[in-house]
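S.K.: Sharing final_25.csv, CSV, N, CA and C atoms and all ligand atoms:
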chain,number,residue,atom,x,y,z
A,1,MET,N,-19.6,33.1,36.2
A,1,MET,CA,-18.9,32.1,35.4
A,1,MET,C,-19.1,32.4,33.9
A,2,LYS,N,-18.0,32.4,33.1
A,2,LYS,CA,-18.1,32.8,31.7
A,2,LYS,C,-18.0,31.5,30.9
A,3,ARG,N,-18.8,31.4,29.9
A,3,ARG,CA,-18.7,30.3,28.9
A,3,ARG,C,-18.6,30.8,27.5
A,4,THR,N,-17.6,30.3,26.8
A,4,THR,CA,-17.5,30.6,25.4
A,4,THR,C,-18.5,29.8,24.6
A,5,GLY,N,-18.9,30.3,23.5
A,5,GLY,CA,-19.9,29.6,22.7
A,5,GLY,C,-19.3,28.3,22.2
A,6,THR,N,-20.2,27.5,21.5
A,6,THR,CA,-19.7,26.3,21.0
A,6,THR,C,-18.7,26.4,19.9
A,7,ARG,N,-17.8,25.6,19.9
A,7,ARG,CA,-16.7,25.7,18.9
A,7,ARG,C,-17.0,24.8,17.7
A,8,ALA,N,-17.0,25.4,16.5
A,8,ALA,CA,-17.4,24.7,15.3
A,8,ALA,C,-16.1,24.2,14.6
A,9,LEU,N,-15.0,24.5,15.1
A,9,LEU,CA,-13.7,24.2,14.4
A,9,LEU,C,-13.5,22.7,14.5
A,10,GLY,N,-13.2,22.1,13.3
A,10,GLY,CA,-12.8,20.7,13.3
A,10,GLY,C,-11.3,20.6,13.7
A,11,VAL,N,-11.0,19.5,14.4
A,11,VAL,CA,-9.7,19.3,14.8
A,11,VAL,C,-8.7,19.1,13.7
A,12,ALA,N,-9.2,18.5,12.6
A,12,ALA,CA,-8.4,18.2,11.5
A,12,ALA,C,-7.9,19.5,10.8
A,13,ALA,N,-8.7,20.5,10.8
A,13,ALA,CA,-8.4,21.7,10.1
A,13,ALA,C,-7.1,22.4,10.7
A,14,VAL,N,-6.9,22.2,11.9
A,14,VAL,CA,-5.7,22.8,12.6
A,14,VAL,C,-4.4,22.2,12.0
A,15,LEU,N,-4.4,20.9,11.7
A,15,LEU,CA,-3.2,20.3,11.3
A,15,LEU,C,-2.9,20.7,9.9
A,16,VAL,N,-3.9,21.0,9.0
A,16,VAL,CA,-3.6,21.2,7.6
A,16,VAL,C,-2.7,22.5,7.4
A,17,ALA,N,-3.0,23.5,8.1
A,17,ALA,CA,-2.3,24.8,7.9
A,17,ALA,C,-0.9,24.8,8.5
A,18,ALA,N,-0.5,23.8,9.3
A,18,ALA,CA,0.7,23.9,10.1
A,18,ALA,C,2.0,24.1,9.3
A,19,VAL,N,2.1,23.4,8.1
A,19,VAL,CA,3.3,23.5,7.4
A,19,VAL,C,3.3,24.2,6.1
A,20,ALA,N,2.5,25.3,6.1
A,20,ALA,CA,2.3,26.1,4.9
A,20,ALA,C,3.5,27.1,4.6
A,21,GLY,N,4.4,27.2,5.5
A,21,GLY,CA,5.5,28.1,5.3
A,21,GLY,C,6.5,27.8,4.3
A,22,ALA,N,7.6,28.5,4.3
A,22,ALA,CA,8.6,28.3,3.2
A,22,ALA,C,9.6,27.2,3.5
A,23,ARG,N,9.4,26.5,4.6
A,23,ARG,CA,10.2,25.4,5.0
A,23,ARG,C,10.1,24.3,3.9
A,24,SER,N,11.2,23.8,3.5
A,24,SER,CA,11.1,22.8,2.4
A,24,SER,C,11.3,21.4,3.0
A,25,ALA,N,10.3,20.7,3.1
A,25,ALA,CA,10.3,19.4,3.6
A,25,ALA,C,10.7,18.5,2.4
A,26,PRO,N,11.5,17.5,2.5
A,26,PRO,CA,11.8,16.6,1.4
A,26,PRO,C,10.6,16.1,0.8
A,27,GLN,N,10.6,16.1,-0.6
A,27,GLN,CA,9.4,15.6,-1.3
A,27,GLN,C,9.5,14.1,-1.6
A,28,VAL,N,8.4,13.4,-1.4
A,28,VAL,CA,8.4,12.0,-1.8
A,28,VAL,C,7.3,11.8,-2.9
A,29,GLU,N,7.8,11.5,-4.0
A,29,GLU,CA,6.9,11.4,-5.2
A,29,GLU,C,6.5,9.9,-5.4
A,30,ILE,N,5.2,9.7,-5.5
A,30,ILE,CA,4.7,8.4,-5.7
A,30,ILE,C,3.6,8.5,-6.8
A,31,GLN,N,3.8,7.6,-7.9
A,31,GLN,CA,2.9,7.6,-9.0
A,31,GLN,C,2.1,6.4,-9.0
A,32,ALA,N,0.8,6.5,-9.1
A,32,ALA,CA,-0.1,5.4,-9.1
A,32,ALA,C,-0.5,5.1,-10.6
A,33,SER,N,-0.7,3.8,-10.9
A,33,SER,CA,-1.2,3.4,-12.2
A,33,SER,C,-1.9,2.1,-12.0
A,34,HIS,N,-2.5,1.6,-13.0
A,34,HIS,CA,-3.2,0.3,-12.9
A,34,HIS,C,-2.1,-0.8,-12.9
A,35,GLU,N,-0.9,-0.5,-13.1
A,35,GLU,CA,0.2,-1.5,-13.0
A,35,GLU,C,0.8,-1.5,-11.6
A,36,GLY,N,0.4,-0.5,-10.8
A,36,GLY,CA,0.9,-0.5,-9.4
A,36,GLY,C,1.4,0.9,-9.1
A,37,PHE,N,2.0,1.0,-7.9
A,37,PHE,CA,2.6,2.2,-7.4
A,37,PHE,C,4.1,2.2,-7.8
A,38,HIS,N,4.6,3.4,-8.1
A,38,HIS,CA,6.0,3.6,-8.4
A,38,HIS,C,6.5,4.8,-7.6
A,39,PRO,N,7.5,4.6,-6.7
A,39,PRO,CA,8.0,3.3,-6.3
A,39,PRO,C,7.0,2.6,-5.4
A,40,ALA,N,7.2,1.3,-5.3
A,40,ALA,CA,6.3,0.5,-4.5
A,40,ALA,C,6.8,0.4,-3.0
A,41,THR,N,8.1,0.7,-2.9
A,41,THR,CA,8.7,0.7,-1.5
A,41,THR,C,9.3,2.1,-1.2
A,42,VAL,N,8.8,2.7,-0.2
A,42,VAL,CA,9.3,4.1,0.2
A,42,VAL,C,9.8,4.1,1.6
A,43,THR,N,11.0,4.5,1.7
A,43,THR,CA,11.6,4.6,3.1
A,43,THR,C,11.7,6.0,3.6
A,44,LEU,N,11.2,6.1,4.8
A,44,LEU,CA,11.1,7.4,5.5
A,44,LEU,C,11.8,7.3,6.9
A,45,ARG,N,12.1,8.5,7.4
A,45,ARG,CA,12.7,8.5,8.7
A,45,ARG,C,11.7,9.0,9.7
A,46,LYS,N,11.6,8.3,10.8
A,46,LYS,CA,10.7,8.6,11.9
A,46,LYS,C,10.9,10.0,12.4
A,47,GLY,N,9.8,10.8,12.6
A,47,GLY,CA,9.9,12.1,13.1
A,47,GLY,C,10.3,13.2,12.1
A,48,GLU,N,10.6,12.8,10.9
A,48,GLU,CA,11.0,13.8,9.9
A,48,GLU,C,9.7,14.2,9.1
A,49,ALA,N,9.6,15.5,8.8
A,49,ALA,CA,8.5,16.0,8.0
A,49,ALA,C,8.7,15.8,6.5
A,50,TYR,N,7.8,15.2,5.8
A,50,TYR,CA,7.9,15.0,4.4
A,50,TYR,C,6.7,15.7,3.7
A,51,GLN,N,6.9,16.0,2.4
A,51,GLN,CA,5.7,16.4,1.6
A,51,GLN,C,5.5,15.3,0.6
A,52,VAL,N,4.4,14.6,0.7
A,52,VAL,CA,4.2,13.5,-0.2
A,52,VAL,C,3.4,14.0,-1.4
A,53,VAL,N,3.9,13.7,-2.6
A,53,VAL,CA,3.3,14.2,-3.9
A,53,VAL,C,2.8,13.0,-4.7
A,54,LEU,N,1.5,12.9,-4.8
A,54,LEU,CA,0.9,11.8,-5.5
A,54,LEU,C,0.4,12.2,-6.9
A,55,SER,N,0.6,11.3,-7.8
A,55,SER,CA,0.1,11.6,-9.2
A,55,SER,C,-0.4,10.3,-9.8
A,56,SER,N,-1.1,10.4,-10.9
A,56,SER,CA,-1.6,9.2,-11.5
A,56,SER,C,-1.1,9.1,-13.0
A,57,ALA,N,-0.8,7.9,-13.4
A,57,ALA,CA,-0.4,7.8,-14.8
A,57,ALA,C,-1.6,7.4,-15.7
A,58,ASP,N,-2.7,7.2,-15.1
A,58,ASP,CA,-3.9,6.8,-15.9
A,58,ASP,C,-5.1,7.4,-15.3
A,59,GLY,N,-5.9,6.5,-14.7
A,59,GLY,CA,-7.2,6.9,-14.1
A,59,GLY,C,-7.1,7.4,-12.7
A,60,GLU,N,-8.3,7.4,-12.1
A,60,GLU,CA,-8.3,7.8,-10.7
A,60,GLU,C,-7.9,6.7,-9.7
A,61,HIS,N,-7.1,7.1,-8.7
A,61,HIS,CA,-6.6,6.1,-7.8
A,61,HIS,C,-6.8,6.7,-6.4
A,62,CYS,N,-6.2,6.0,-5.4
A,62,CYS,CA,-6.3,6.4,-4.0
A,62,CYS,C,-5.1,5.8,-3.4
A,63,PHE,N,-4.6,6.6,-2.4
A,63,PHE,CA,-3.4,6.2,-1.6
A,63,PHE,C,-3.8,6.1,-0.2
A,64,ALA,N,-3.8,4.9,0.3
A,64,ALA,CA,-4.2,4.6,1.7
A,64,ALA,C,-3.2,3.9,2.5
A,65,VAL,N,-2.9,4.5,3.7
A,65,VAL,CA,-2.0,3.8,4.7
A,65,VAL,C,-2.8,3.7,6.0
A,66,ASP,N,-3.4,2.6,6.2
A,66,ASP,CA,-4.3,2.5,7.4
A,66,ASP,C,-3.6,2.8,8.7
A,67,ALA,N,-2.4,2.3,8.8
A,67,ALA,CA,-1.6,2.4,10.0
A,67,ALA,C,-1.3,3.9,10.4
A,68,LEU,N,-1.2,4.7,9.4
A,68,LEU,CA,-0.9,6.2,9.6
A,68,LEU,C,-2.1,7.0,9.4
A,69,ARG,N,-3.3,6.4,9.2
A,69,ARG,CA,-4.5,7.1,9.0
A,69,ARG,C,-4.5,8.1,7.8
A,70,VAL,N,-3.9,7.6,6.7
A,70,VAL,CA,-3.8,8.4,5.5
A,70,VAL,C,-4.8,7.8,4.5
A,71,GLU,N,-5.5,8.6,3.8
A,71,GLU,CA,-6.3,8.2,2.7
A,71,GLU,C,-6.6,9.3,1.7
A,72,LYS,N,-5.9,9.3,0.6
A,72,LYS,CA,-6.0,10.4,-0.3
A,72,LYS,C,-6.4,10.0,-1.7
A,73,ARG,N,-7.3,10.8,-2.4
A,73,ARG,CA,-7.7,10.5,-3.7
A,73,ARG,C,-6.6,11.0,-4.7
A,74,ILE,N,-6.3,10.3,-5.7
A,74,ILE,CA,-5.4,10.8,-6.8
A,74,ILE,C,-6.2,10.9,-8.1
A,75,ARG,N,-6.2,12.1,-8.6
A,75,ARG,CA,-7.0,12.3,-9.8
A,75,ARG,C,-6.0,12.6,-11.0
A,76,PRO,N,-6.4,12.0,-12.2
A,76,PRO,CA,-5.5,12.2,-13.3
A,76,PRO,C,-5.3,13.7,-13.7
A,77,GLY,N,-4.1,14.0,-14.0
A,77,GLY,CA,-3.8,15.4,-14.5
A,77,GLY,C,-3.5,16.4,-13.4
A,78,ARG,N,-3.6,16.0,-12.1
A,78,ARG,CA,-3.2,16.9,-11.1
A,78,ARG,C,-2.5,16.2,-9.9
A,79,LYS,N,-1.8,16.9,-9.2
A,79,LYS,CA,-1.0,16.3,-8.1
A,79,LYS,C,-1.8,16.5,-6.8
A,80,THR,N,-1.7,15.4,-6.0
A,80,THR,CA,-2.3,15.5,-4.6
A,80,THR,C,-1.1,15.6,-3.7
A,81,MET,N,-1.0,16.6,-2.9
A,81,MET,CA,0.1,16.8,-1.9
A,81,MET,C,-0.4,16.8,-0.5
A,82,PHE,N,0.4,16.2,0.3
A,82,PHE,CA,0.0,16.3,1.8
A,82,PHE,C,1.3,16.1,2.6
A,83,ASP,N,1.2,16.6,3.8
A,83,ASP,CA,2.4,16.5,4.7
A,83,ASP,C,2.3,15.3,5.5
A,84,LEU,N,3.4,14.7,5.7
A,84,LEU,CA,3.4,13.4,6.5
A,84,LEU,C,4.7,13.4,7.4
A,85,THR,N,4.5,13.2,8.7
A,85,THR,CA,5.6,13.0,9.6
A,85,THR,C,5.3,11.7,10.4
A,86,PRO,N,6.0,10.7,9.9
A,86,PRO,CA,5.7,9.4,10.6
A,86,PRO,C,6.1,9.4,12.0
A,87,ASP,N,5.2,9.0,12.9
A,87,ASP,CA,5.5,9.1,14.3
A,87,ASP,C,5.9,7.8,15.0
A,88,ARG,N,6.0,6.8,14.1
A,88,ARG,CA,6.6,5.5,14.6
A,88,ARG,C,7.2,4.7,13.5
A,89,ALA,N,8.2,3.9,14.0
A,89,ALA,CA,8.9,3.1,13.0
A,89,ALA,C,8.2,1.8,12.7
A,90,GLY,N,8.5,1.3,11.6
A,90,GLY,CA,7.8,0.0,11.2
A,90,GLY,C,7.6,-0.1,9.7
A,91,ARG,N,6.9,-1.2,9.3
A,91,ARG,CA,6.6,-1.4,7.9
A,91,ARG,C,5.1,-1.3,7.8
A,92,PHE,N,4.7,-0.3,6.9
A,92,PHE,CA,3.3,-0.1,6.8
A,92,PHE,C,2.8,-0.2,5.4
A,93,PRO,N,1.9,-1.2,5.1
A,93,PRO,CA,1.5,-1.4,3.8
A,93,PRO,C,0.6,-0.2,3.3
A,94,PHE,N,0.7,0.2,2.0
A,94,PHE,CA,-0.2,1.1,1.4
A,94,PHE,C,-0.9,0.5,0.2
A,95,TYR,N,-2.0,1.0,-0.2
A,95,TYR,CA,-2.8,0.4,-1.3
A,95,TYR,C,-3.7,1.4,-1.9
A,96,CYS,N,-4.3,1.0,-3.0
A,96,CYS,CA,-5.3,1.9,-3.6
A,96,CYS,C,-6.6,1.4,-3.1
A,97,CYS,N,-7.3,2.4,-2.5
A,97,CYS,CA,-8.6,2.0,-1.8
A,97,CYS,C,-9.8,2.0,-2.8
A,98,LEU,N,-9.5,2.2,-4.1
A,98,LEU,CA,-10.6,2.2,-5.1
A,98,LEU,C,-10.7,0.9,-5.8
A,99,GLU,N,-9.7,0.0,-5.5
A,99,GLU,CA,-9.6,-1.2,-6.3
A,99,GLU,C,-10.1,-2.4,-5.5
A,100,SER,N,-10.5,-3.4,-6.2
A,100,SER,CA,-10.8,-4.7,-5.5
A,100,SER,C,-10.4,-5.8,-6.5
A,101,GLY,N,-10.4,-7.0,-6.0
A,101,GLY,CA,-10.0,-8.2,-6.8
A,101,GLY,C,-8.5,-8.1,-7.2
A,102,GLU,N,-8.3,-8.4,-8.5
A,102,GLU,CA,-6.9,-8.5,-9.0
A,102,GLU,C,-6.1,-7.2,-8.9
A,103,ALA,N,-6.8,-6.1,-9.3
A,103,ALA,CA,-6.2,-4.8,-9.3
A,103,ALA,C,-5.7,-4.4,-7.9
A,104,ALA,N,-6.5,-4.8,-6.9
A,104,ALA,CA,-6.1,-4.5,-5.5
A,104,ALA,C,-4.8,-5.2,-5.1
A,105,VAL,N,-4.5,-6.4,-5.7
A,105,VAL,CA,-3.3,-7.1,-5.4
A,105,VAL,C,-2.1,-6.4,-6.0
A,106,VAL,N,-2.3,-5.8,-7.2
A,106,VAL,CA,-1.2,-5.1,-7.9
A,106,VAL,C,-0.9,-3.8,-7.3
A,107,GLU,N,-2.0,-3.0,-7.0
A,107,GLU,CA,-1.8,-1.6,-6.5
A,107,GLU,C,-1.6,-1.6,-5.0
A,108,ARG,N,-0.4,-1.9,-4.7
A,108,ARG,CA,0.0,-1.9,-3.3
A,108,ARG,C,1.5,-1.7,-3.1
A,109,GLY,N,1.9,-1.3,-1.9
A,109,GLY,CA,3.3,-1.1,-1.7
A,109,GLY,C,3.5,-1.0,-0.2
A,110,GLU,N,4.7,-0.5,0.2
A,110,GLU,CA,5.0,-0.5,1.6
A,110,GLU,C,5.8,0.7,2.0
A,111,LEU,N,5.4,1.4,3.0
A,111,LEU,CA,6.2,2.5,3.6
A,111,LEU,C,7.0,1.8,4.7
A,112,ILE,N,8.3,2.1,4.6
A,112,ILE,CA,9.2,1.6,5.7
A,112,ILE,C,9.7,2.8,6.4
A,113,VAL,N,9.4,2.9,7.7
A,113,VAL,CA,9.8,4.0,8.5
A,113,VAL,C,10.9,3.5,9.5
A,114,ILE,N,12.1,4.2,9.3
A,114,ILE,CA,13.2,3.8,10.1
A,114,ILE,C,13.5,4.8,11.2
A,115,GLU,N,14.1,4.3,12.3
A,115,GLU,CA,14.4,5.2,13.4
A,115,GLU,C,15.4,6.3,13.0
A,201,CU,CU,-6.1,2.5,-8.1
Before anything else, please render the file you have as structure tokens.
M.R.:
Amino acid sequence: MKRTGTRALGVAAVLVAAVAGARSAPQVEIQASHEGFHPATVTLRKGEAYQVVLSSADGEHCFAVDALRVEKRIRPGRKTMFDLTPDRAGRFPFYCCLESGEAAVVERGELIVIE
């Protein structure tokens, strides 16, 4: 009986490299600021691959969509990009996970995924 050694590869790492090719997924730009996200409502199509481009108009923010297991830091002066293919339709709230109190009420929005 043969046994391969222990695998140190994280499952998440496999997903990251998947869409590195020249394929151009539609870009979805969302800018965070202390006034809120712009746009605050983003409509995507289920099963379609997108490249989400996050930026900040002021300080550090975060873009979190619990339902889609997304949580990304947004740092001023640089873009945060990630690939997103919504696998189910619905309305999914997003918010800045760095804020609390009044700021948390302002810094929120909604992803609408249509069939
Ligand atoms: Cu924020």
S.K.: Can you tell me, as a list in words, what residues are no more than 5 Å from stretch 59-64 of chain A when counting only N, CA and C atoms, ignoring any on the same chain fewer than 2 positions away?
M.R.: Ala57, Asp66, Val70, Glu71, Lys72, Arg73, Ile74, Arg75, Pro76, Phe94, Tyr95, Cys96 and Cys97 of chain A
S.K.: Kindly indicate which residue among A:Val52, A:Val28, A:Pro86, A:Gly36 lies nearest to ligand CU 201 (chain A), using only N, CA and C atoms and all ligand atoms for the distances.
M.R.: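 The shortest atom-to-atom distance to ligand CU 201 (chain A) comes from A:Gly36.
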S.K.: Find, counting all atoms listed in the file, the residue in A:Val65, A:Ala25, A:Val113, A:Ala32 that gets nearest to ligand CU 201 (chain A).
M.R.: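 Smallest distance to ligand CU 201 (chain A) is found for A:Ala32.
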S.K.: Which residue, A:Met81, A:Leu98, A:Val42, A:Ala89, has the smallest gap to ligand CU 201 (chain A) when you use only C-alpha atoms and all ligand atoms?
M.R.: A:Leu98
S.K.: Between A:Leu44, A:Leu84, A:Ala67, A:Ala104, which has the minimum distance to ligand CU 201 (chain A) (counting all atoms listed in the file)?
M.R.: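 Using all atoms listed in the file, the shortest distance to ligand CU 201 (chain A) belongs to A:Ala104.
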S.K.: Just how far from atom CA of A:Lys79 is atom CA of A:Glu115, in Å to one decimal?
M.R.: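 Spanning atom CA of A:Glu115 to atom CA of A:Lys79 is a straight-line distance of 28.7 Å.
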S.K.: Give me every strand (DSSP E or B) residue in chain A, going by DSSP on the backbone, as a ChimeraX atom specification.
M.R.: /A:27-33,36-38,41-45,50-56,61-65,70-74,80-84,90-95,108-114
S.K.: I need the alpha helix (DSSP H) residues of chain A per DSSP on the backbone, written as a list of chain:residue names.
M.R.: A:Val11, A:Ala12, A:Ala13, A:Val14, A:Leu15, A:Val16, A:Gly101, A:Glu102, A:Ala103, A:Ala104, A:Val105, A:Val106
S.K.: Determine, counting only C-alpha atoms, which protein, DNA and RNA residues have an atom within 8 Å of an atom of A:His34; residues of the same chain fewer than 3 positions away are not included. Present the result as a PyMOL selection string.
M.R.: chain A and resi 58-59+103+106-107
S.K.: Go ahead and save the picked residues with N, CA and C atoms, as an mmCIF file, in the coordinates of the input.
M.R.:
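Output file again_26.cif is given in full below:
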data_model
loop_
_atom_site.group_PDB
_atom_site.id
_atom_site.type_symbol
_atom_site.label_atom_id
_atom_site.label_comp_id
_atom_site.auth_asym_id
_atom_site.auth_seq_id
_atom_site.Cartn_x
_atom_site.Cartn_y
_atom_site.Cartn_z
ATOM 1 N N ASP A 58 -2.700 7.200 -15.100
ATOM 2 C CA ASP A 58 -3.900 6.800 -15.900
ATOM 3 C C ASP A 58 -5.100 7.400 -15.300
ATOM 4 N N GLY A 59 -5.900 6.500 -14.700
ATOM 5 C CA GLY A 59 -7.200 6.900 -14.100
ATOM 6 C C GLY A 59 -7.100 7.400 -12.700
ATOM 7 N N ALA A 103 -6.800 -6.100 -9.300
ATOM 8 C CA ALA A 103 -6.200 -4.800 -9.300
ATOM 9 C C ALA A 103 -5.700 -4.400 -7.900
ATOM 10 N N VAL A 106 -2.300 -5.800 -7.200
ATOM 11 C CA VAL A 106 -1.200 -5.100 -7.900
ATOM 12 C C VAL A 106 -0.900 -3.800 -7.300
ATOM 13 N N GLU A 107 -2.000 -3.000 -7.000
ATOM 14 C CA GLU A 107 -1.800 -1.600 -6.500
ATOM 15 C C GLU A 107 -1.600 -1.600 -5.000
#
S.K.: Any idea what the distance is between atom C of A:Val105 and atom N of A:Asp83?
M.R.: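 Calculated distance between atom C of A:Val105 and atom N of A:Asp83 is 25.2 Å.
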S.K.: Provide the atom CA of A:Gly90 to atom N of A:Leu111 distance in Å, to one decimal place.
M.R.: 8.7 Å
S.K.: For A:Ser24, find every residue with an atom within 10 Å (counting only C-alpha atoms), except residues of its own chain fewer than 6 positions away, and show them as a ChimeraX atom specification.
M.R.: /A:49-51
S.K.: Smallest atom-to-atom distance to ligand CU 201 (chain A): which of A:Glu29, A:Asp87, A:Glu110, A:Glu102, using only C-alpha atoms and all ligand atoms?
M.R.: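 For ligand CU 201 (chain A), the nearest of the given residues is A:Glu102.
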